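Pasted below: data20.txt, compact mmCIF, C-alpha atoms and all ligand atoms.
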```
# COMPACT_ATOMS: atom_id res chain seq x y z
CA MET A 4 -3.40 4.46 1.34
CA LEU A 5 -1.61 1.58 0.07
CA VAL A 6 -0.05 1.31 -0.95
CA ILE A 7 1.68 -0.28 0.94
CA PRO A 8 3.65 0.37 -0.64
CA ASN A 9 6.78 3.34 0.06
CA GLN A 10 8.35 2.11 3.27
CA SER A 11 6.57 -1.10 2.58
CA PRO A 12 3.97 -1.46 -0.11
CA ILE A 13 2.24 -4.09 1.94
CA PRO A 14 -0.59 -2.62 3.98
CA LEU A 15 0.06 -4.76 6.99
CA THR A 16 1.58 -3.60 10.18
CA GLN A 17 2.18 -6.96 11.76
CA PHE A 18 4.73 -8.23 9.26
CA ASN A 19 7.82 -8.80 11.34
CA SER A 20 10.77 -8.80 9.03
CA ASP A 21 13.24 -8.98 11.90
CA SER A 22 12.83 -12.72 12.11
CA HIS A 23 13.46 -13.26 8.41
CA SER A 24 16.86 -14.24 7.16
CA LYS A 25 18.92 -11.37 5.89
CA GLN A 26 21.28 -11.48 2.98
CA GLY A 27 24.76 -11.91 4.34
CA ASN A 28 26.77 -9.15 5.89
CA SER A 29 29.30 -9.74 3.14
CA ASP A 30 27.06 -7.75 0.83
CA ARG A 31 27.11 -4.77 3.10
CA ALA A 32 30.80 -5.10 3.78
CA GLU A 33 31.40 -4.24 0.14
CA GLY A 34 30.05 -0.77 0.76
CA HIS A 35 27.14 0.32 -1.35
CA LEU A 36 24.99 -2.65 -2.19
CA THR A 37 22.73 -1.86 -5.12
CA ALA A 38 20.11 -3.81 -7.04
CA LYS A 39 22.69 -4.20 -9.84
CA ARG A 40 23.21 -7.82 -8.76
CA TRP A 41 19.67 -8.79 -9.62
CA ILE A 42 18.81 -6.13 -12.22
CA GLU A 43 18.68 -8.79 -14.96
CA GLU A 44 15.69 -10.30 -13.10
CA ALA A 45 13.79 -7.08 -13.72
CA LYS A 46 12.44 -8.53 -16.96
CA THR A 47 10.18 -10.79 -14.86
CA ALA A 48 8.63 -7.88 -12.95
CA GLU A 49 4.91 -7.61 -13.54
CA ALA A 50 4.47 -4.43 -11.53
CA LEU A 51 6.42 -1.26 -10.87
CA TYR A 52 6.26 0.96 -7.79
CA LEU A 53 7.55 4.56 -7.97
CA HIS A 54 8.10 6.62 -4.84
CA VAL A 55 8.13 10.42 -4.67
CA PRO A 56 9.15 11.36 -1.12
CA PHE A 57 8.03 14.98 -0.66
CA CYS A 58 4.99 16.37 1.18
CA PHE A 59 3.93 19.89 2.15
CA HIS A 60 2.98 18.78 5.67
CA LYS A 61 3.41 15.65 7.77
CA CYS A 62 0.12 13.99 8.70
CA HIS A 63 0.17 12.75 12.29
CA TYR A 64 -0.54 9.09 11.50
CA CYS A 65 2.01 8.79 8.68
CA ASP A 66 5.07 6.57 8.90
CA PHE A 67 5.82 6.62 5.18
CA TYR A 68 9.10 8.02 4.01
CA SER A 69 8.16 11.61 3.26
CA ILE A 70 10.10 14.85 3.61
CA VAL A 71 8.64 18.27 4.31
CA GLY A 72 10.11 21.59 3.26
CA ASN A 73 12.99 20.61 0.96
CA GLU A 74 11.82 22.48 -2.14
CA SER A 75 15.39 23.13 -3.22
CA GLN A 76 15.81 19.36 -3.78
CA TYR A 77 12.82 18.86 -6.07
CA GLU A 78 14.70 19.42 -9.35
CA SER A 79 17.70 17.29 -8.45
CA PHE A 80 15.39 14.56 -7.14
CA VAL A 81 13.57 14.40 -10.46
CA ASP A 82 16.89 14.21 -12.33
CA GLN A 83 18.04 11.28 -10.20
CA PHE A 84 14.63 9.65 -10.43
CA ILE A 85 14.82 9.83 -14.23
CA LYS A 86 18.32 8.38 -14.14
CA GLU A 87 17.03 5.39 -12.17
CA LEU A 88 13.96 5.09 -14.44
CA THR A 89 16.17 5.02 -17.52
CA ILE A 90 18.45 2.27 -16.21
CA VAL A 91 15.67 0.08 -14.82
CA GLY A 92 13.37 0.74 -17.77
CA SER A 93 15.98 -0.67 -20.18
CA LYS A 94 15.85 -3.98 -18.26
CA LEU A 95 12.10 -4.33 -17.86
CA ASP A 96 9.79 -6.28 -20.07
CA GLU A 97 6.29 -4.79 -20.42
CA VAL A 98 4.83 -4.23 -16.96
CA THR A 99 1.12 -4.71 -16.38
CA THR A 100 0.76 -2.20 -13.55
CA ILE A 101 2.51 0.98 -12.37
CA PHE A 102 1.76 2.76 -9.11
CA MET A 103 3.32 6.11 -8.26
CA GLY A 104 2.89 6.92 -4.57
CA GLY A 105 4.56 8.85 -1.84
CA GLY A 106 4.84 11.25 -0.38
CA THR A 107 2.83 13.49 -2.62
CA PRO A 108 3.64 12.94 -6.31
CA THR A 109 1.28 15.78 -7.26
CA LEU A 110 3.23 18.27 -5.14
CA PHE A 111 5.53 19.55 -7.92
CA GLU A 112 4.66 22.54 -10.07
CA GLU A 113 3.37 21.63 -13.51
CA PRO A 114 6.63 21.81 -15.55
CA LEU A 115 8.52 19.53 -13.16
CA PHE A 116 5.49 17.29 -12.77
CA ALA A 117 5.30 16.93 -16.56
CA LYS A 118 9.02 16.21 -16.81
CA MET A 119 8.75 13.40 -14.25
CA LEU A 120 5.70 11.78 -15.79
CA ASN A 121 7.01 12.12 -19.33
CA ALA A 122 10.07 10.17 -18.24
CA VAL A 123 7.89 7.32 -16.98
CA HIS A 124 5.94 7.43 -20.23
CA THR A 125 9.15 7.33 -22.27
CA HIS A 126 11.31 4.86 -20.38
CA ILE A 127 8.94 2.28 -18.90
CA PRO A 128 7.67 -0.39 -21.31
CA ARG A 129 3.99 -0.98 -20.59
CA ALA A 130 1.55 -3.65 -21.67
CA GLU A 131 -1.28 -2.28 -23.78
CA THR A 132 -3.72 -2.80 -20.89
CA CYS A 133 -1.33 -1.48 -18.24
CA GLU A 134 -3.04 -0.04 -15.16
CA TRP A 135 -1.09 3.15 -14.41
CA THR A 136 -2.09 4.76 -11.11
CA ILE A 137 -0.87 7.89 -9.35
CA GLU A 138 -1.65 8.99 -5.79
CA VAL A 139 -3.23 12.42 -5.59
CA ASN A 140 -3.33 14.74 -2.63
CA PRO A 141 -6.57 16.69 -3.30
CA GLU A 142 -5.10 20.02 -2.23
CA THR A 143 -2.35 19.87 -4.86
CA MET A 144 -4.37 18.86 -7.91
CA THR A 145 -4.92 21.30 -10.78
CA GLU A 146 -6.62 21.14 -14.14
CA GLU A 147 -3.25 21.33 -15.87
CA LYS A 148 -1.81 18.47 -13.84
CA ALA A 149 -4.87 16.36 -14.70
CA ASN A 150 -4.20 17.00 -18.39
CA ILE A 151 -0.55 16.02 -17.90
CA LEU A 152 -1.70 12.72 -16.39
CA VAL A 153 -3.78 11.90 -19.43
CA ALA A 154 -1.05 12.97 -21.87
CA THR A 155 1.47 10.66 -20.21
CA GLY A 156 -0.79 7.60 -20.12
CA VAL A 157 -1.94 7.63 -16.49
CA ASN A 158 -5.35 5.93 -16.44
CA ARG A 159 -6.19 5.67 -12.75
CA VAL A 160 -5.80 7.96 -9.74
CA SER A 161 -6.02 7.34 -6.04
CA ILE A 162 -7.18 10.33 -4.03
CA GLY A 163 -6.47 10.62 -0.31
CA ALA A 164 -9.78 11.88 1.04
CA GLN A 165 -9.49 10.16 4.46
CA SER A 166 -12.57 11.98 5.82
CA PHE A 167 -15.06 14.68 4.84
CA ASP A 168 -15.35 15.96 8.40
CA THR A 169 -13.13 18.97 9.11
CA THR A 170 -12.81 18.06 12.79
CA LEU A 171 -11.60 14.56 12.01
CA LEU A 172 -9.21 15.82 9.32
CA LYS A 173 -7.77 18.22 11.84
CA SER A 174 -7.35 15.51 14.45
CA LEU A 175 -5.33 13.54 11.88
CA GLU A 176 -3.36 16.71 11.05
CA ARG A 177 -4.42 16.16 7.50
CA TRP A 178 -4.12 19.46 5.65
CA HIS A 179 -6.82 19.63 3.07
CA GLU A 180 -10.38 20.91 2.94
CA PRO A 181 -13.17 18.38 2.25
CA GLU A 182 -14.24 20.45 -0.78
CA SER A 183 -10.88 19.92 -2.45
CA VAL A 184 -11.68 16.22 -2.93
CA ALA A 185 -14.66 16.99 -5.18
CA ARG A 186 -12.54 19.56 -7.02
CA ALA A 187 -9.76 17.00 -7.65
CA VAL A 188 -12.33 14.47 -8.85
CA GLU A 189 -13.75 17.08 -11.24
CA PHE A 190 -10.27 17.82 -12.65
CA VAL A 191 -9.35 14.18 -13.31
CA THR A 192 -12.72 13.04 -14.64
CA SER A 193 -13.03 16.10 -16.91
CA ALA A 194 -9.57 15.32 -18.25
CA GLY A 195 -10.77 11.82 -19.12
CA ILE A 196 -9.78 9.57 -16.19
CA ALA A 197 -12.95 7.90 -14.94
CA ASP A 198 -11.22 5.19 -12.91
CA PHE A 199 -10.40 6.55 -9.48
CA ASN A 200 -10.06 5.39 -5.90
CA LEU A 201 -10.92 7.33 -2.76
CA ASP A 202 -9.14 6.52 0.50
CA LEU A 203 -11.06 6.76 3.76
CA ILE A 204 -9.79 6.17 7.29
CA HIS A 205 -12.13 4.84 9.95
CA SER A 206 -11.88 4.31 13.71
CA ILE A 207 -10.42 7.77 14.30
CA PRO A 208 -10.47 8.73 18.01
CA GLY A 209 -13.81 10.34 18.79
CA GLN A 210 -15.36 9.34 15.45
CA THR A 211 -19.01 8.40 15.74
CA ARG A 212 -20.99 5.95 13.64
CA GLU A 213 -22.86 8.93 12.17
CA GLN A 214 -19.63 10.63 11.15
CA LEU A 215 -18.42 7.48 9.42
CA LEU A 216 -21.73 7.13 7.63
CA PHE A 217 -21.42 10.76 6.49
CA ASP A 218 -17.92 10.06 5.15
CA ILE A 219 -19.11 7.03 3.20
CA GLU A 220 -22.07 8.98 1.79
CA GLN A 221 -19.92 11.92 0.73
CA ALA A 222 -17.33 9.64 -0.84
CA THR A 223 -19.78 7.52 -2.80
CA LEU A 224 -21.65 10.62 -4.04
CA LEU A 225 -18.50 11.31 -6.07
CA SER A 226 -18.89 7.91 -7.80
CA PRO A 227 -15.41 6.46 -7.31
CA THR A 228 -14.83 3.11 -9.01
CA HIS A 229 -12.83 1.94 -6.00
CA MET A 230 -12.77 2.60 -2.25
CA SER A 231 -9.99 1.79 0.21
CA CYS A 232 -11.10 2.04 3.85
CA TYR A 233 -8.49 1.27 6.46
CA ALA A 234 -8.75 1.50 10.22
CA LEU A 235 -6.45 4.14 11.67
CA THR A 236 -3.17 2.60 12.83
CA TYR A 237 -0.84 4.00 15.46
CA GLU A 238 2.59 3.38 13.99
CA PRO A 239 5.70 3.73 16.16
CA ASN A 240 7.53 7.07 15.93
CA THR A 241 4.55 9.02 14.66
CA PRO A 242 3.04 12.06 16.40
CA LEU A 243 -0.25 10.16 16.59
CA ARG A 244 1.39 7.36 18.57
CA THR A 245 2.98 9.91 20.89
CA ARG A 246 -0.40 11.52 21.49
CA LEU A 247 -1.85 8.09 22.25
CA GLU A 248 0.95 7.23 24.69
CA ARG A 249 0.62 10.61 26.41
CA GLY A 250 -3.08 9.94 26.89
CA ASP A 251 -4.12 12.93 24.75
CA ILE A 252 -6.30 10.66 22.62
CA SER A 253 -7.97 7.30 23.20
CA ARG A 254 -8.02 4.45 20.76
CA LEU A 255 -11.40 2.89 20.02
CA SER A 256 -11.95 -0.50 21.63
CA HIS A 257 -11.62 -3.59 19.44
CA ASP A 258 -15.39 -4.01 19.50
CA ASP A 259 -15.92 -0.42 18.35
CA GLU A 260 -13.30 -0.76 15.59
CA ALA A 261 -14.96 -3.99 14.47
CA ALA A 262 -18.34 -2.21 14.43
CA MET A 263 -16.86 0.56 12.27
CA PHE A 264 -15.37 -2.02 9.92
CA ARG A 265 -18.73 -3.81 9.64
CA LEU A 266 -20.46 -0.50 8.90
CA VAL A 267 -17.99 0.24 6.09
CA ARG A 268 -18.50 -3.22 4.61
CA GLU A 269 -22.30 -3.12 4.82
CA GLU A 270 -22.65 0.37 3.42
CA LEU A 271 -20.24 -0.06 0.53
CA VAL A 272 -21.69 -3.41 -0.49
CA TYR A 273 -25.16 -1.86 -0.30
CA ARG A 274 -23.94 0.91 -2.62
CA GLY A 275 -22.68 -1.55 -5.24
CA TYR A 276 -19.04 -2.00 -4.26
CA ALA A 277 -17.79 -5.58 -4.01
CA GLN A 278 -15.37 -6.29 -1.20
CA TYR A 279 -12.42 -8.08 -2.78
CA GLU A 280 -9.85 -7.53 -0.02
CA ILE A 281 -10.42 -6.93 3.66
CA SER A 282 -10.17 -3.14 3.32
CA ASN A 283 -10.75 -2.66 -0.42
CA PHE A 284 -13.97 -2.42 -2.41
CA ALA A 285 -14.60 -1.94 -6.11
CA LYS A 286 -17.26 -1.57 -8.74
CA PRO A 287 -17.33 -4.57 -11.11
CA GLY A 288 -14.11 -4.76 -13.10
CA HIS A 289 -12.31 -2.10 -11.06
CA ALA A 290 -10.34 -4.03 -8.45
CA CYS A 291 -6.81 -2.59 -8.26
CA LYS A 292 -4.55 -4.88 -10.28
CA HIS A 293 -1.43 -3.39 -8.75
CA ASN A 294 -2.46 -4.19 -5.20
CA ILE A 295 -3.54 -7.67 -6.23
CA ALA A 296 -0.01 -8.22 -7.53
CA TYR A 297 1.23 -7.47 -3.99
CA TRP A 298 -1.31 -9.73 -2.33
CA LYS A 299 -0.50 -12.56 -4.75
CA ASN A 300 3.19 -12.08 -3.99
CA LYS A 301 4.10 -11.38 -7.64
CA ASN A 302 7.34 -9.75 -8.74
CA TRP A 303 7.56 -5.99 -8.66
CA TRP A 304 10.42 -3.56 -9.06
CA ALA A 305 10.74 -0.37 -7.05
CA ILE A 306 12.13 3.05 -7.99
CA GLY A 307 12.70 6.07 -5.76
CA PRO A 308 14.07 6.56 -2.25
CA SER A 309 12.70 4.09 0.30
CA ALA A 310 10.71 2.21 -2.35
CA SER A 311 10.47 -1.51 -1.61
CA GLY A 312 10.79 -4.20 -4.27
CA HIS A 313 10.15 -7.94 -4.41
CA MET A 314 11.66 -10.26 -6.99
CA ASN A 315 11.58 -14.05 -6.76
CA GLY A 316 11.58 -14.22 -2.96
CA ARG A 317 14.05 -11.38 -2.49
CA ARG A 318 12.86 -8.16 -0.88
CA TRP A 319 14.80 -4.95 -0.61
CA LYS A 320 14.39 -1.25 -0.05
CA ASN A 321 16.10 1.62 -1.85
CA THR A 322 18.02 3.94 0.42
CA PRO A 323 15.63 5.95 2.61
CA ARG A 324 18.07 8.88 2.72
CA ILE A 325 17.41 11.65 0.23
CA SER A 326 20.94 13.05 0.55
CA GLU A 327 22.33 9.70 -0.54
CA TYR A 328 19.72 9.26 -3.27
CA LEU A 329 20.67 12.61 -4.78
CA LYS A 330 24.26 11.42 -5.25
CA PHE A 331 24.02 7.91 -6.77
CA ASP A 332 25.78 7.27 -10.08
CA SER A 333 24.12 4.20 -11.58
CA LEU A 334 21.56 2.76 -9.16
CA PRO A 335 20.78 3.92 -5.61
CA SER A 336 22.07 1.85 -2.72
CA VAL A 337 19.66 -0.63 -1.16
CA THR A 338 19.00 -1.74 2.38
CA ASP A 339 16.93 -4.34 4.27
CA VAL A 340 17.68 -7.06 1.73
CA GLU A 341 15.89 -10.24 2.72
CA VAL A 342 15.83 -13.63 1.08
CA LEU A 343 13.15 -15.80 2.64
CA ASN A 344 13.57 -19.52 3.14
CA SER A 345 10.67 -21.74 2.05
CA ASN A 346 9.09 -21.80 5.52
CA GLU A 347 9.18 -18.01 5.82
CA SER A 348 8.00 -17.62 2.27
CA ALA A 349 4.97 -19.82 3.05
CA GLY A 350 4.10 -17.60 6.02
CA GLU A 351 4.36 -14.50 3.86
CA SER A 352 2.10 -16.02 1.21
CA PHE A 353 -0.56 -16.77 3.86
CA MET A 354 -0.20 -13.23 5.22
CA LEU A 355 -0.85 -11.72 1.81
CA GLY A 356 -3.15 -14.25 0.13
CA LEU A 357 -5.68 -14.50 2.94
CA ARG A 358 -6.38 -10.78 2.73
CA LEU A 359 -8.16 -11.44 -0.55
CA VAL A 360 -11.81 -12.15 0.09
CA GLU A 361 -11.84 -14.99 -2.45
CA GLY A 362 -9.21 -16.67 -0.30
CA MET A 363 -6.49 -19.09 -1.38
CA GLU A 364 -6.96 -22.12 -3.58
CA LYS A 365 -6.66 -25.47 -1.83
CA VAL A 366 -3.83 -26.60 -4.05
CA TRP A 367 -1.84 -23.47 -3.13
CA VAL A 368 -2.64 -23.89 0.59
CA ASN A 369 -1.45 -27.51 0.45
CA GLU A 370 1.78 -26.50 -1.29
CA LEU A 371 2.45 -23.89 1.39
CA LEU A 372 1.72 -26.36 4.18
CA GLU A 373 4.14 -28.82 2.60
CA GLN A 374 6.91 -26.22 2.49
CA SER A 375 6.26 -25.25 6.13
CA GLU A 376 8.40 -26.71 8.88
CA GLY A 377 6.27 -29.01 11.08
CA ASN A 378 2.47 -29.04 11.16
CA TRP A 379 1.80 -26.00 13.32
CA ARG A 380 0.23 -24.00 10.46
CA THR A 381 -2.20 -26.86 9.83
CA VAL A 382 -3.14 -26.67 13.51
CA VAL A 383 -3.64 -22.89 13.34
CA ILE A 384 -5.89 -23.28 10.29
CA GLU A 385 -7.95 -26.06 11.89
CA GLU A 386 -8.39 -24.08 15.11
CA SER A 387 -9.38 -20.98 13.17
CA ILE A 388 -11.97 -22.98 11.23
CA GLN A 389 -13.37 -24.35 14.50
CA LYS A 390 -13.68 -20.83 15.88
CA GLY A 391 -15.51 -19.69 12.77
CA TYR A 392 -12.77 -17.32 11.57
CA LEU A 393 -11.71 -19.32 8.48
CA GLU A 394 -13.74 -21.55 6.18
CA TRP A 395 -13.36 -23.64 3.05
CA PHE A 396 -15.56 -22.26 0.28
CA ARG A 397 -15.49 -23.59 -3.29
CA ASP A 398 -12.14 -25.21 -2.66
CA CYS A 399 -10.63 -21.99 -1.31
CA LEU A 400 -9.55 -21.17 2.23
CA ARG A 401 -10.90 -17.76 3.19
CA PHE A 402 -11.90 -15.61 6.12
CA THR A 403 -15.55 -15.71 7.18
CA GLU A 404 -17.25 -12.33 7.54
CA GLU A 405 -16.78 -12.56 11.30
CA GLY A 406 -13.20 -13.79 10.85
CA GLN A 407 -12.29 -10.64 8.91
CA CYS A 408 -12.52 -8.79 12.24
CA PHE A 409 -9.79 -11.08 13.60
CA ALA A 410 -7.68 -11.20 10.46
CA ASP A 411 -4.56 -9.69 12.02
CA THR A 412 -4.56 -12.24 14.84
CA VAL A 413 -5.00 -15.24 12.55
CA ILE A 414 -2.46 -13.99 10.01
CA THR A 415 0.09 -13.28 12.72
CA ALA A 416 -0.37 -16.82 14.02
CA LEU A 417 0.20 -18.22 10.51
CA LEU A 418 3.17 -16.01 9.76
CA MET A 419 5.65 -17.28 12.27
CA GLN A 420 5.62 -20.07 14.83
CA ASP A 421 5.37 -18.49 18.21
CA ASP A 422 3.95 -20.00 21.37
CA GLU A 423 2.45 -16.65 22.25
CA ASN A 424 0.65 -16.00 18.99
CA THR A 425 -0.80 -19.42 18.23
CA ASP A 426 -3.70 -18.63 20.56
CA THR A 427 -6.22 -17.27 18.07
CA THR A 428 -8.75 -16.50 20.79
CA GLN A 429 -7.00 -13.17 21.41
CA GLN A 430 -8.60 -10.14 19.91
CA ASP A 431 -6.75 -7.87 17.52
S1 LIG B 1 0.25 13.19 2.49
FE1 LIG B 1 0.50 10.95 2.65
S2 LIG B 1 2.72 10.59 2.59
FE2 LIG B 1 2.42 12.79 3.00
S3 LIG B 1 2.50 12.95 5.23
FE3 LIG B 1 0.32 12.72 4.69
S4 LIG B 1 -0.06 10.49 4.77
FE4 LIG B 1 2.17 10.79 4.73
```

Translate the structure described by the file into structure tokens.
Ligand code: SF4
Amino acid sequence: MLVIPNQSPIPLTQFNSDSHSKQGNSDRAEGHLTAKRWIEEAKTAEALYLHVPFCFHKCHYCDFYSIVGNESQYESFVDQFIKELTIVGSKLDEVTTIFMGGGTPTLFEEPLFAKMLNAVHTHIPRAETCEWTIEVNPETMTEEKANILVATGVNRVSIGAQSFDTTLLKSLERWHEPESVARAVEFVTSAGIADFNLDLIHSIPGQTREQLLFDIEQATLLSPTHMSCYALTYEPNTPLRTRLERGDISRLSHDDEAAMFRLVREELVYRGYAQYEISNFAKPGHACKHNIAYWKNKNWWAIGPSASGHMNGRRWKNTPRISEYLKFDSLPSVTDVEVLNSNESAGESFMLGLRLVEGMEKVWVNELLEQSEGNWRTVVIEESIQKGYLEWFRDCLRFTEEGQCFADTVITALLMQDDENTDTTQQD
């Protein structure tokens, strides 16, 4: 589900970029601002995110940049995508991770799919151990596409299962049959890719504990090396949010969502998956390196419409307009350029780093507190420790098991000074 990254590769909904400093209006006044100004920095990118913006249906919870029904644009999109790949690829040093998400990258017919992936294979310099992941919609996977993945160096897939219960899939307006997940797994593993993630969503309206247990059982029977299990979120401007506001559906209470989260954690740990991030679990040696690069605030470049990049404290997003993307000459225009000051940057590092179960090393925490304005973050941390939400463990600051249920509240309080959000007694 992450990945977080297309509109934002960061799987957090509470990140409020509005309060961050924006790069001056002078940039925009020049017309099309592109990443050309900082393209030479691309050689320090460790990770690369690629966004394919087409889907065959819009799921009701989705706020990612995805377009339905524009088949006539597929070919020209791939041509532009390859143009961007070629330019950026010539500036990159070897990247250690690649993640292609969407949208539905597996939507294209095999010849176009092969053309797109061959271009990545040809133009993107990769470290020998590069983790190269692609998101797979189970309904669109074929044996031939699985073979194309292997031939072009893809070594990890992330399959959007979400649930194995047809009623719950329907309530999410997720258009695939539960059986197609096992079929997609069979295609990719038979082709030679043993490293795969399954996404599940929990805390769906009406979902019972038994249904969640069934989903976890069905998922783990397929032996994924990695599981991402996020609570359903109700993003603004989605059909799901509208249904919630109309009263057509009811959101689970915080206590019920926390109970679902605890069930996921207990069951997956019991089945041999180590929790390494609040919502992510992996067999030994299979934590997702690409997502860790996000959570450790490393440098990554972004390619494709609406893809978000981060280089040396600067964040930006490629144009989220396909019509504009299909016309660019050298690089696509960018939007939402932000350059964080040291105080904001410290808040962002807490927001990301604390999601990792191992927590943040003391020396890093102290550095961030020193670059923060005033001592309010120290106060938030001390209060959170007193409440049992945070703890020091082996010289690292981390969430306690109980504190993970209140992670959003604590992280929001650490992100930005705000009289209203420094009260960490509020529930998420
Ligand atoms: S398949 Fe993924 S990107 Fe496409 S609409 Fe559904 S959730 Fe959004």

Pick from A:Asn200, A:Ser79, A:Ser345, A:Ser174 nearest to Glu138 of chain A, counting all atoms listed in the file: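 Selected residue with least distance to Glu138 of chain A: A:Asn200.
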
Residues within 12 Å of Thr322 of chain A, please, as a PyMOL selection string. Count only C-alpha atoms; anything in the same chain fewer than 2 positions from it doesn't count. chain A and resi 9-10+35-38+54+56+68+305-312+319-320+324-331+334-340

Determine, for each residue of chain A having at least one atom at most 7 Å from an atom of ligand LIG 1 (chain B), the closest pair of atoms and their separation in Å to one decimal, counting all atoms listed in the file; order by chain and ascending number, as CSV.
```
residue,atom,partner,partner_atom,distance
A:Cys58,CA,B:LIG1,FE2,4.8
A:His60,CA,B:LIG1,S3,5.9
A:Lys61,CA,B:LIG1,S3,3.8
A:Cys62,CA,B:LIG1,FE3,4.2
A:Tyr64,CA,B:LIG1,S4,6.9
A:Cys65,CA,B:LIG1,FE4,4.4
A:Asp66,CA,B:LIG1,FE4,6.6
A:Phe67,CA,B:LIG1,FE4,5.6
A:Ser69,CA,B:LIG1,S2,5.6
A:Gly105,CA,B:LIG1,S2,5.1
A:Gly106,CA,B:LIG1,S2,3.7
A:Thr107,CA,B:LIG1,FE2,5.7
A:Asn140,CA,B:LIG1,S1,6.4
A:Arg177,CA,B:LIG1,FE3,6.5
```

From the list A:Ser253, A:Asp168, A:Met144, A:Met314, which residue is nearest Thr47 of chain A when using all atoms listed in the file?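 Of A:Ser253, A:Asp168, A:Met144, A:Met314, the one nearest Thr47 of chain A, counting all atoms listed in the file, is A:Met314.
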
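Taking atom CA of Ala285 of chain A and atom CA of Glu269 of chain A as the two end points, the separation is 13.4 Å.
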
With 8 Å as the cut-off and all atoms listed in the file counted, what is the closest atom pair between each nearby residue of segment 230-294 of chain A and segment 354-361 of chain A? Distances in Å to one decimal, ordered by chain and number, as JSON lines.
```
{"residue": "A:Gln278", "atom": "CA", "partner": "A:Val360", "partner_atom": "CA", "distance": 7.0}
{"residue": "A:Tyr279", "atom": "CA", "partner": "A:Val360", "partner_atom": "CA", "distance": 5.0}
{"residue": "A:Glu280", "atom": "CA", "partner": "A:Leu359", "partner_atom": "CA", "distance": 4.3}
{"residue": "A:Ile281", "atom": "CA", "partner": "A:Arg358", "partner_atom": "CA", "distance": 5.7}
```

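Going from atom CA of Arg40 of chain A to atom CA of Phe102 of chain A covers 23.9 Å.
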
For Met230 of chain A, the nearest of the candidates A:Pro141, A:Pro114, A:Gly163, A:Pro128, counting only C-alpha atoms: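 Among the listed residues, the smallest separation from Met230 of chain A belongs to A:Gly163.
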
Rounded to one decimal, what separation in Å do you get between atom CA of Gly377 of chain A and atom CA of Leu418 of chain A? 13.4 Å

Find the residues near Arg401 of chain A: any atom within 6 Å, counting only C-alpha atoms, skip ones fewer than 5 places away on the same chain, and give them as JSON, numbers by chain. {"A": [362, 393, 394]}

Smallest atom-to-atom distance to Pro287 of chain A: which of A:Glu373, A:Asp198, A:Lys86, A:Arg317, using all atoms listed in the file?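 Result for the nearest residue to Pro287 of chain A: A:Asp198.
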
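Residues in contact with Thr125 of chain A at up to 10 Å, not including ones fewer than 4 positions away on its chain and judged by only C-alpha atoms, are Leu88, Thr89, Gly92, Leu120, Asn121, Arg129 and Thr155 of chain A.
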
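Among the candidate residues A:Asp258, A:Glu44, A:Glu74, A:Glu112, the one lying nearest to Ser93 of chain A is A:Glu44, with distances computed using all atoms listed in the file.
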
Report as an MDAnalysis selection string all protein, DNA and RNA residues lying within 12 Å of Phe353 of chain A, evaluated on all atoms listed in the file, omitting residues in the same chain fewer than 5 positions from it. chainID A and resid 18 298:300 346:348 358:359 362:364 367:372 375 380:381 383:384 400:402 410:411 413:419

Would you list the contacts of Arg265 of chain A as an mmCIF file with C-alpha atoms, in the frame of the given file, taking every protein, DNA or RNA residue within 10 Å and counting all atoms listed in the file, but skipping same-chain residues closer than 4 positions in sequence?
```cif
data_model
loop_
_atom_site.group_PDB
_atom_site.id
_atom_site.type_symbol
_atom_site.label_atom_id
_atom_site.label_comp_id
_atom_site.auth_asym_id
_atom_site.auth_seq_id
_atom_site.Cartn_x
_atom_site.Cartn_y
_atom_site.Cartn_z
ATOM 1 C CA ASP A 259 -15.920 -0.420 18.350
ATOM 2 C CA GLU A 260 -13.300 -0.760 15.590
ATOM 3 C CA ALA A 261 -14.960 -3.990 14.470
ATOM 4 C CA GLU A 269 -22.300 -3.120 4.820
ATOM 5 C CA GLU A 270 -22.650 0.370 3.420
ATOM 6 C CA LEU A 271 -20.240 -0.060 0.530
ATOM 7 C CA GLU A 404 -17.250 -12.330 7.540
ATOM 8 C CA GLU A 405 -16.780 -12.560 11.300
ATOM 9 C CA GLN A 407 -12.290 -10.640 8.910
ATOM 10 C CA CYS A 408 -12.520 -8.790 12.240
#
```
